[in-house]
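Trainee: Data file my_file-v8.txt (compact mmCIF, C-alpha atoms) is appended below.
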```
# COMPACT_ATOMS: atom_id res chain seq x y z
CA MET V 1 9.78 3.11 -1.25
CA PRO V 2 13.06 4.53 0.05
CA VAL V 3 15.01 6.27 -2.71
CA GLY V 4 18.38 4.74 -3.54
CA THR V 5 19.21 6.99 -6.48
CA GLN V 6 22.78 5.76 -7.04
CA ALA V 7 22.02 2.15 -6.00
CA THR V 8 22.33 3.19 -2.37
CA VAL V 9 20.15 4.88 0.22
CA LYS V 10 22.54 7.49 1.62
CA GLY V 11 23.72 6.66 5.11
CA LEU V 12 22.36 3.12 5.37
CA THR V 13 23.58 -0.33 4.43
CA GLN V 14 21.40 -2.82 2.59
CA ARG V 15 21.28 -4.86 5.80
CA ASP V 16 19.96 -1.82 7.70
CA LEU V 17 17.20 -1.47 5.13
CA SER V 18 16.13 -5.07 4.60
CA GLU V 19 16.72 -6.66 8.03
CA ASP V 20 16.37 -3.80 10.51
CA LEU V 21 13.78 -1.60 8.78
CA GLY V 22 11.94 -4.28 6.81
CA VAL V 23 12.11 -2.53 3.44
CA LYS V 24 10.68 -4.78 0.73
CA ILE V 25 11.25 -2.53 -2.29
CA LEU V 26 13.38 0.49 -3.05
CA LEU V 27 13.89 2.83 -5.98
CA ALA V 28 17.02 3.35 -8.08
CA ASN V 29 17.48 5.83 -10.91
CA THR V 30 18.21 5.01 -14.52
CA TYR V 31 19.62 8.43 -15.41
CA HIS V 32 22.28 8.41 -12.70
CA LEU V 33 23.23 4.75 -13.12
CA VAL V 34 23.58 5.06 -16.89
CA LEU V 35 26.03 7.92 -16.42
CA ARG V 36 27.91 6.13 -13.64
CA PRO V 37 28.88 3.28 -13.59
CA GLY V 38 26.94 2.37 -16.75
CA HIS V 39 24.26 -0.24 -17.40
CA GLU V 40 26.56 -2.58 -19.34
CA LEU V 41 28.91 -2.85 -16.37
CA ILE V 42 25.96 -3.54 -14.07
CA ARG V 43 24.73 -6.22 -16.51
CA GLU V 44 28.19 -7.84 -16.62
CA LEU V 45 28.30 -7.94 -12.83
CA GLY V 46 25.01 -9.81 -12.59
CA GLY V 47 22.41 -7.07 -12.57
CA LEU V 48 21.49 -4.39 -10.08
CA HIS V 49 20.39 -6.76 -7.30
CA ARG V 50 23.75 -8.50 -7.23
CA PHE V 51 25.72 -5.31 -7.90
CA MET V 52 24.30 -3.59 -4.81
CA SER V 53 23.68 -6.78 -2.83
CA TRP V 54 19.97 -6.13 -2.44
CA PRO V 55 17.75 -9.18 -1.76
CA ASN V 56 14.34 -7.60 -2.35
CA ALA V 57 12.51 -5.80 -5.15
CA ILE V 58 13.82 -2.81 -7.13
CA LEU V 59 11.84 -0.22 -9.06
CA THR V 60 13.85 1.87 -11.51
CA ASP V 61 12.68 5.24 -12.74
CA SER V 62 13.23 5.74 -16.47
CA GLY V 63 15.27 8.88 -15.78
CA GLY V 64 12.72 11.12 -17.46
CA PHE V 65 12.25 13.41 -14.48
CA GLN V 66 16.00 13.99 -14.12
CA VAL V 67 16.50 14.58 -17.85
CA PHE V 68 13.69 17.11 -18.06
CA SER V 69 15.00 18.94 -15.00
CA LEU V 70 18.24 19.62 -16.91
CA SER V 71 16.52 22.44 -18.82
CA GLY V 72 19.24 23.95 -21.04
CA LEU V 73 21.17 20.67 -21.22
CA ARG V 74 18.60 18.67 -23.20
CA LYS V 75 16.60 18.66 -26.41
CA ILE V 76 13.24 16.92 -26.80
CA THR V 77 12.20 15.26 -30.05
CA ASP V 78 9.44 12.79 -30.87
CA GLN V 79 12.12 10.08 -31.01
CA GLY V 80 13.31 10.74 -27.47
CA VAL V 81 15.48 13.18 -25.60
CA ILE V 82 19.10 14.17 -26.17
CA PHE V 83 20.84 15.41 -23.05
CA GLN V 84 24.22 16.44 -21.73
CA SER V 85 25.68 14.70 -18.70
CA HIS V 86 25.94 16.91 -15.65
CA LEU V 87 29.08 14.95 -14.73
CA ASN V 88 31.36 15.42 -17.74
CA GLY V 89 29.35 17.09 -20.49
CA ASP V 90 29.05 13.98 -22.68
CA TRP V 91 25.92 13.75 -24.81
CA HIS V 92 23.46 10.86 -24.41
CA THR V 93 20.13 9.86 -25.92
CA PHE V 94 17.18 8.28 -24.17
CA THR V 95 14.40 6.78 -26.28
CA PRO V 96 11.40 4.79 -25.08
CA GLU V 97 13.12 1.66 -26.34
CA SER V 98 16.61 2.37 -24.98
CA THR V 99 15.38 3.07 -21.45
CA ILE V 100 13.60 -0.30 -21.49
CA ASP V 101 16.82 -2.01 -22.60
CA VAL V 102 18.75 -0.28 -19.82
CA GLN V 103 16.28 -1.35 -17.15
CA LEU V 104 16.25 -4.91 -18.48
CA ALA V 105 20.05 -4.84 -18.17
CA PHE V 106 19.59 -3.81 -14.55
CA GLY V 107 17.18 -6.69 -13.97
CA SER V 108 14.67 -4.31 -12.40
CA ASP V 109 11.50 -5.80 -10.96
CA ILE V 110 9.40 -2.78 -11.94
CA LEU V 111 10.37 -0.75 -14.99
CA MET V 112 9.07 2.72 -15.83
CA VAL V 113 8.43 4.08 -19.31
CA LEU V 114 10.11 7.24 -20.55
CA ASP V 115 7.77 10.20 -20.13
CA GLU V 116 7.90 13.96 -20.51
CA CYS V 117 7.51 15.73 -17.18
CA PRO V 118 6.67 19.41 -17.79
CA GLU V 119 7.66 21.98 -15.21
CA PHE V 120 5.08 23.99 -13.27
CA PRO V 121 3.44 26.20 -14.31
CA VAL V 122 2.93 25.34 -17.96
CA SER V 123 0.29 26.26 -20.54
CA HIS V 124 -2.55 23.89 -21.38
CA GLU V 125 -1.29 23.80 -24.96
CA TYR V 126 2.20 22.64 -24.02
CA ALA V 127 0.91 20.25 -21.36
CA ARG V 128 -1.30 18.64 -24.00
CA GLU V 129 1.62 18.32 -26.42
CA ALA V 130 3.82 16.75 -23.73
CA MET V 131 1.02 14.42 -22.65
CA HIS V 132 0.48 13.12 -26.18
CA ARG V 133 4.24 12.65 -26.58
CA THR V 134 4.21 10.65 -23.34
CA LEU V 135 1.39 8.48 -24.73
CA ARG V 136 3.30 7.78 -27.94
CA TRP V 137 6.40 6.91 -25.98
CA ALA V 138 4.40 4.63 -23.66
CA ARG V 139 3.02 2.67 -26.61
CA ARG V 140 6.49 2.29 -28.12
CA ALA V 141 7.99 1.25 -24.79
CA ASN V 142 5.23 -1.26 -24.18
CA GLU V 143 5.64 -2.83 -27.62
CA HIS V 144 9.41 -3.03 -27.20
CA TYR V 145 9.12 -4.51 -23.71
CA ARG V 146 6.63 -7.19 -24.79
CA SER V 147 8.81 -8.15 -27.75
CA LYS V 148 11.85 -8.50 -25.49
CA ILE V 149 9.92 -10.75 -23.12
CA SER V 150 8.69 -12.96 -25.96
CA GLU V 151 12.27 -13.28 -27.26
CA SER V 152 13.76 -14.20 -23.88
CA GLY V 153 14.34 -17.75 -22.81
CA GLY V 154 15.58 -19.70 -19.84
CA ALA V 155 16.61 -17.60 -16.85
CA ALA V 156 15.79 -14.42 -18.74
CA HIS V 157 12.23 -15.64 -19.29
CA GLU V 158 11.86 -16.48 -15.61
CA LEU V 159 13.03 -12.97 -14.72
CA ALA V 160 10.59 -11.43 -17.18
CA ALA V 161 7.74 -13.39 -15.62
CA ARG V 162 8.12 -11.45 -12.37
CA GLN V 163 8.79 -8.07 -13.91
CA GLY V 164 6.30 -5.32 -14.62
CA LEU V 165 6.22 -2.21 -16.79
CA PHE V 166 4.37 0.87 -15.54
CA PRO V 167 3.34 3.68 -17.92
CA ILE V 168 3.01 7.16 -16.42
CA VAL V 169 -0.02 9.43 -16.39
CA GLN V 170 0.94 13.00 -17.28
CA GLY V 171 -1.05 16.15 -18.02
CA SER V 172 0.42 18.71 -15.63
CA THR V 173 -2.29 20.32 -13.48
CA PHE V 174 -5.09 19.98 -16.04
CA ARG V 175 -7.82 17.54 -15.08
CA ASP V 176 -9.01 16.94 -18.65
CA LEU V 177 -5.51 16.04 -19.82
CA ARG V 178 -4.93 13.72 -16.87
CA ARG V 179 -8.12 11.83 -17.63
CA GLU V 180 -7.42 11.63 -21.35
CA CYS V 181 -3.95 10.25 -20.64
CA ALA V 182 -5.19 7.69 -18.11
CA GLU V 183 -7.93 6.43 -20.43
CA ALA V 184 -5.42 5.88 -23.22
CA LEU V 185 -2.84 4.17 -21.00
CA VAL V 186 -5.35 1.70 -19.58
CA GLU V 187 -5.64 0.25 -23.08
CA LEU V 188 -2.06 -1.03 -22.71
CA ASP V 189 -3.21 -3.45 -19.98
CA SER V 190 0.02 -2.88 -18.05
CA GLU V 191 1.05 -4.53 -14.78
CA GLY V 192 0.59 -1.24 -12.92
CA TYR V 193 0.20 2.50 -13.49
CA ALA V 194 2.09 5.52 -12.24
CA ILE V 195 0.95 9.10 -11.76
CA GLY V 196 3.83 11.43 -12.59
CA GLY V 197 4.44 15.14 -12.82
CA LEU V 198 3.65 15.71 -9.14
CA SER V 199 5.79 17.60 -6.64
CA VAL V 200 7.21 19.85 -9.36
CA GLY V 201 6.22 23.08 -7.64
CA GLU V 202 2.44 22.93 -7.72
CA PRO V 203 0.40 23.61 -4.53
CA ARG V 204 -0.12 20.43 -2.52
CA PRO V 205 -3.95 20.48 -2.79
CA LEU V 206 -3.56 20.62 -6.57
CA SER V 207 -1.32 17.57 -6.46
CA MET V 208 -4.05 15.69 -4.60
CA ASP V 209 -6.62 16.85 -7.15
CA MET V 210 -4.55 15.45 -10.01
CA VAL V 211 -4.45 12.05 -8.31
CA GLU V 212 -8.19 12.18 -7.77
CA ALA V 213 -8.73 13.02 -11.43
CA THR V 214 -7.71 9.51 -12.51
CA GLU V 215 -8.80 7.38 -9.56
CA ASP V 216 -11.94 6.09 -11.25
CA LEU V 217 -10.09 5.33 -14.49
CA LEU V 218 -6.97 3.42 -13.41
CA PRO V 219 -7.66 -0.28 -12.64
CA ARG V 220 -8.21 -0.83 -8.93
CA HIS V 221 -6.90 -4.39 -9.08
CA LYS V 222 -3.47 -3.19 -10.24
CA PRO V 223 -0.85 -1.16 -8.33
CA ARG V 224 -1.11 2.62 -8.63
CA TYR V 225 2.06 4.55 -7.93
CA ALA V 226 2.24 8.28 -7.11
CA MET V 227 5.76 9.35 -7.99
CA GLY V 228 7.85 11.58 -5.73
CA VAL V 229 5.47 12.15 -2.81
CA GLY V 230 5.13 13.21 0.01
CA MET V 231 5.32 14.60 3.55
CA PRO V 232 4.34 12.21 6.40
CA ALA V 233 0.92 13.81 6.86
CA GLU V 234 0.20 13.39 3.14
CA LEU V 235 0.73 9.62 2.92
CA ALA V 236 -2.74 8.71 4.18
CA GLU V 237 -4.25 11.37 1.93
CA TYR V 238 -2.75 9.78 -1.17
CA VAL V 239 -3.87 6.32 -0.04
CA ALA V 240 -7.38 7.71 0.47
CA ARG V 241 -7.26 8.73 -3.20
CA GLY V 242 -6.44 5.22 -4.36
CA VAL V 243 -2.64 5.22 -4.32
CA ASP V 244 -0.81 1.98 -3.42
CA MET V 245 2.84 2.96 -3.85
CA MET V 246 4.89 6.09 -3.20
CA ASP V 247 8.52 7.13 -3.12
CA CYS V 248 10.17 10.24 -1.79
CA VAL V 249 13.65 11.58 -1.00
CA LEU V 250 12.31 13.61 1.93
CA PRO V 251 12.98 11.14 4.77
CA SER V 252 16.66 10.75 3.88
CA ARG V 253 17.35 14.25 2.52
CA ASN V 254 15.59 16.03 5.38
CA ALA V 255 17.36 13.82 7.90
CA ARG V 256 20.75 14.90 6.58
CA ASN V 257 19.64 18.53 6.75
CA GLY V 258 18.57 18.30 10.37
CA CYS V 259 14.81 17.81 9.99
CA LEU V 260 13.41 14.80 11.82
CA PHE V 261 9.87 13.50 11.50
CA THR V 262 8.08 12.40 14.66
CA SER V 263 4.60 11.38 15.74
CA GLU V 264 4.25 14.91 17.13
CA GLY V 265 5.40 16.69 13.97
CA ARG V 266 8.74 17.97 12.69
CA LEU V 267 11.78 18.40 14.94
CA ILE V 268 14.65 20.66 13.85
CA ILE V 269 17.59 19.18 15.72
CA LYS V 270 19.90 22.23 15.62
CA HIS V 271 17.59 24.29 17.83
CA THR V 272 19.12 25.32 21.14
CA ARG V 273 16.20 23.86 23.10
CA TYR V 274 17.58 20.37 22.43
CA LYS V 275 21.08 21.10 23.79
CA ASN V 276 20.34 19.43 27.14
CA ASP V 277 17.41 17.26 26.04
CA SER V 278 17.92 13.66 27.15
CA ARG V 279 14.78 12.38 25.44
CA PRO V 280 14.85 10.35 22.21
CA ILE V 281 13.74 11.94 18.95
CA ASP V 282 10.31 10.34 19.36
CA GLU V 283 9.29 8.60 22.56
CA LYS V 284 6.77 6.50 20.63
CA CYS V 285 9.35 5.23 18.11
CA GLN V 286 11.11 1.89 18.54
CA CYS V 287 13.88 2.41 15.99
CA TYR V 288 17.51 1.85 16.99
CA THR V 289 18.20 5.59 17.04
CA CYS V 290 15.36 6.36 19.42
CA ARG V 291 16.16 3.39 21.65
CA SER V 292 19.81 4.38 21.97
CA TYR V 293 20.46 8.12 21.59
CA SER V 294 19.23 11.43 22.97
CA ARG V 295 18.26 14.58 21.16
CA ALA V 296 21.21 16.29 22.84
CA TYR V 297 23.67 13.77 21.39
CA LEU V 298 22.15 13.95 17.91
CA ARG V 299 22.27 17.76 18.04
CA HIS V 300 25.95 17.54 18.99
CA LEU V 301 26.66 15.21 16.06
CA PHE V 302 24.79 17.45 13.63
CA LEU V 303 26.54 20.66 14.71
CA SER V 304 29.89 18.87 14.65
CA GLY V 305 29.35 17.65 11.10
CA GLU V 306 29.80 14.02 12.14
CA MET V 307 28.69 11.46 9.55
CA LEU V 308 27.14 9.33 12.28
CA TYR V 309 24.40 11.93 12.59
CA ALA V 310 23.19 11.30 9.02
CA VAL V 311 23.25 7.54 9.60
CA LEU V 312 21.16 7.71 12.78
CA ALA V 313 18.79 10.41 11.54
CA THR V 314 18.12 8.66 8.22
CA ARG V 315 17.39 5.42 10.01
CA HIS V 316 14.81 7.17 12.18
CA ASN V 317 13.10 9.13 9.39
CA LEU V 318 12.74 6.07 7.19
CA ARG V 319 11.35 4.10 10.13
CA ARG V 320 8.80 6.86 10.69
CA TYR V 321 7.61 6.66 7.07
CA LEU V 322 7.51 2.86 7.10
CA ASP V 323 5.61 2.88 10.41
CA ILE V 324 3.00 5.19 8.93
CA MET V 325 2.54 2.86 5.96
CA ARG V 326 2.27 -0.13 8.28
CA GLU V 327 -0.39 1.71 10.29
CA ILE V 328 -2.29 2.46 7.08
CA ARG V 329 -2.17 -1.16 5.92
CA HIS V 330 -3.37 -2.36 9.32
CA ALA V 331 -6.21 0.18 9.31
CA ILE V 332 -7.31 -0.97 5.84
CA LEU V 333 -7.23 -4.65 6.79
CA SER V 334 -9.16 -3.85 9.98
CA ASP V 335 -11.78 -1.85 8.05
CA LYS V 336 -10.81 1.22 10.07
CA PHE V 337 -9.10 3.38 7.48
CA PRO V 338 -11.74 6.17 7.57
CA GLU V 339 -11.16 6.50 11.32
CA TYR V 340 -7.40 6.45 10.80
CA LEU V 341 -7.62 9.16 8.14
CA ARG V 342 -9.79 11.34 10.35
CA SER V 343 -7.36 10.93 13.26
CA ALA V 344 -4.39 11.75 11.01
CA ARG V 345 -6.10 14.90 9.77
CA GLU V 346 -6.89 16.02 13.32
CA ALA V 347 -3.28 15.44 14.39
CA CYS V 348 -2.07 17.44 11.40
CA ALA V 349 -4.43 20.31 12.25
CA ASP V 350 -3.24 20.33 15.87
CA ALA V 351 0.43 20.32 14.79
CA GLY V 352 -0.23 23.13 12.28
```
Do you think you could lay out the structure here as structure tokens?

Mentor:
Amino acid sequence: MPVGTQATVKGLTQRDLSEDLGVKILLANTYHLVLRPGHELIRELGGLHRFMSWPNAILTDSGGFQVFSLSGLRKITDQGVIFQSHLNGDWHTFTPESTIDVQLAFGSDILMVLDECPEFPVSHEYAREAMHRTLRWARRANEHYRSKISESGGAAHELAARQGLFPIVQGSTFRDLRRECAEALVELDSEGYAIGGLSVGEPRPLSMDMVEATEDLLPRHKPRYAMGVGMPAELAEYVARGVDMMDCVLPSRNARNGCLFTSEGRLIIKHTRYKNDSRPIDEKCQCYTCRSYSRAYLRHLFLSGEMLYAVLATRHNLRRYLDIMREIRHAILSDKFPEYLRSAREACADAG
């Protein structure tokens, strides 16, 4: 899922995403949209789909990760979290119930529960405390969400029928806590399940281990979502561990910073070797950028600070990620995923 934090994927229009790249679902962020422009305004203007003119599905994060990254600007209680806006210093409160109400105001297709995302490293004692708080919040959020659905009628009921609420498995890098959390969350019988607290500074193999820790516990007939991952070479690895959905800012953020992902590995466009290079970013890629522009031109745009560079680079990087996921789906449907995974690992070893 491309990340559209502020109801936009930086550098691309909604038409670029849905029609040209074939994106079926993207992510928006509750924390940022509550602060600006506000969920009530978005509700008044017809919900997030209409507000941003997006025809396909939207998943909204509860904002928990952003709030807990504020460190000195927030206070955690069992009721929720009180935090100070990074924009103007105003104080806000997120509770399990309020974040559900906000996401219902957005009209999100997939809603996430409020969770506590500890930093890395953290002690087993604190990780356990945060995990149990996450469980309590998940139960409260689930009860509030179900009550709201039962109360809705008409168009609101139709919307609720296609929505889903995902609780989030936490437990830091401790296998026993991850499993305890997953076992408890399965009792909620939710529409899907997320694995959070990854990509917060832990070694990548440890991130994979934490996904593996819950694979046999989370229902295989429901979507499983690894939050905030990963590099192109890691996508197949997460799928091999039972993950169905992923999101990551890397394709768009790295594009803007001059890092392009190709079938041959990473390409840093500012390097002098590309000054006279007439080849596309990736000769195997069929995106608009690769069909139309050379490495030399993109390097010129990047060094000149031209906004067109970010547009073209983001389009390519997202296409690369989406192509990888399409390859994975095809390999699964063709009963060839083990061969695909082995080939991907060999390519990664050769590039490394």

Trainee: Considering all atoms listed in the file, can you say which of V:Gly47, V:Trp54, V:Ser69, V:Glu143 comes closest to Ala105 in chain V?

Mentor: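 With all atoms listed in the file as the atom set, the closest residue is V:Gly47.
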
Trainee: Take CA of Ile42 in chain V and CA of Tyr193 in chain V and report the distance between them in Å, one decimal.

Mentor: 26.5 Å

Trainee: Using all atoms listed in the file, pick whichever of V:Ala233, V:Asp323, V:Glu180, V:Arg224 has the shortest atom-to-atom distance to Arg204 in chain V.

Mentor: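 Using all atoms listed in the file, the shortest distance to Arg204 in chain V belongs to V:Ala233.
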
Trainee: CA of Thr134 in chain V and CA of Asp115 in chain V are how many Å apart?

Mentor: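 Answer for the CA of Thr134 in chain V to CA of Asp115 in chain V separation: 4.8 Å.
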
Trainee: Got a sec: who's within 10 Å of Lys275 in chain V, counting all atoms listed in the file, leaving out chain neighbours fewer than 6 positions off, as JSON, numbers by chain?

Mentor: {"V": [269, 294, 295, 296, 297, 298, 299, 300]}

Trainee: Would you work out the distance separating CA of His316 in chain V from CA of Arg342 in chain V, expressed in Å to one decimal?

Mentor: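 Between these atoms lies a distance of 25.0 Å.
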
Trainee: With only C-alpha atoms as the basis for distance, which of V:Lys24, V:Lys222, V:Lys75, V:Lys10 is at the shortest distance from Pro251 in chain V?

Mentor: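 Closest to Pro251 in chain V, using only C-alpha atoms: V:Lys10.
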
Trainee: Need to verify the contact set: Ser62 in chain V, 6 Å, all atoms listed in the file, exclusion of same-chain residues closer than 4 positions in sequence. Can you return it as a PyMOL selection string?

Mentor: chain V and resi 30+112-114

Trainee: At a cut-off of 10 Å, using only C-alpha atoms, what residues contact Pro167 in chain V? Leave out same-chain residues fewer than 6 positions from it and give the result as a list in words.

Mentor: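 Those residues are Leu111, Met112, Val113, Leu114, Asp115, Thr134, Leu135, Trp137, Ala138, Arg139, Ala141, Asn142, Ala182, Leu185, Val186, Leu188, Asp189, Ser190, Glu191, Gly192, Tyr193, Ala194, Ile195 and Gly196 of chain V.
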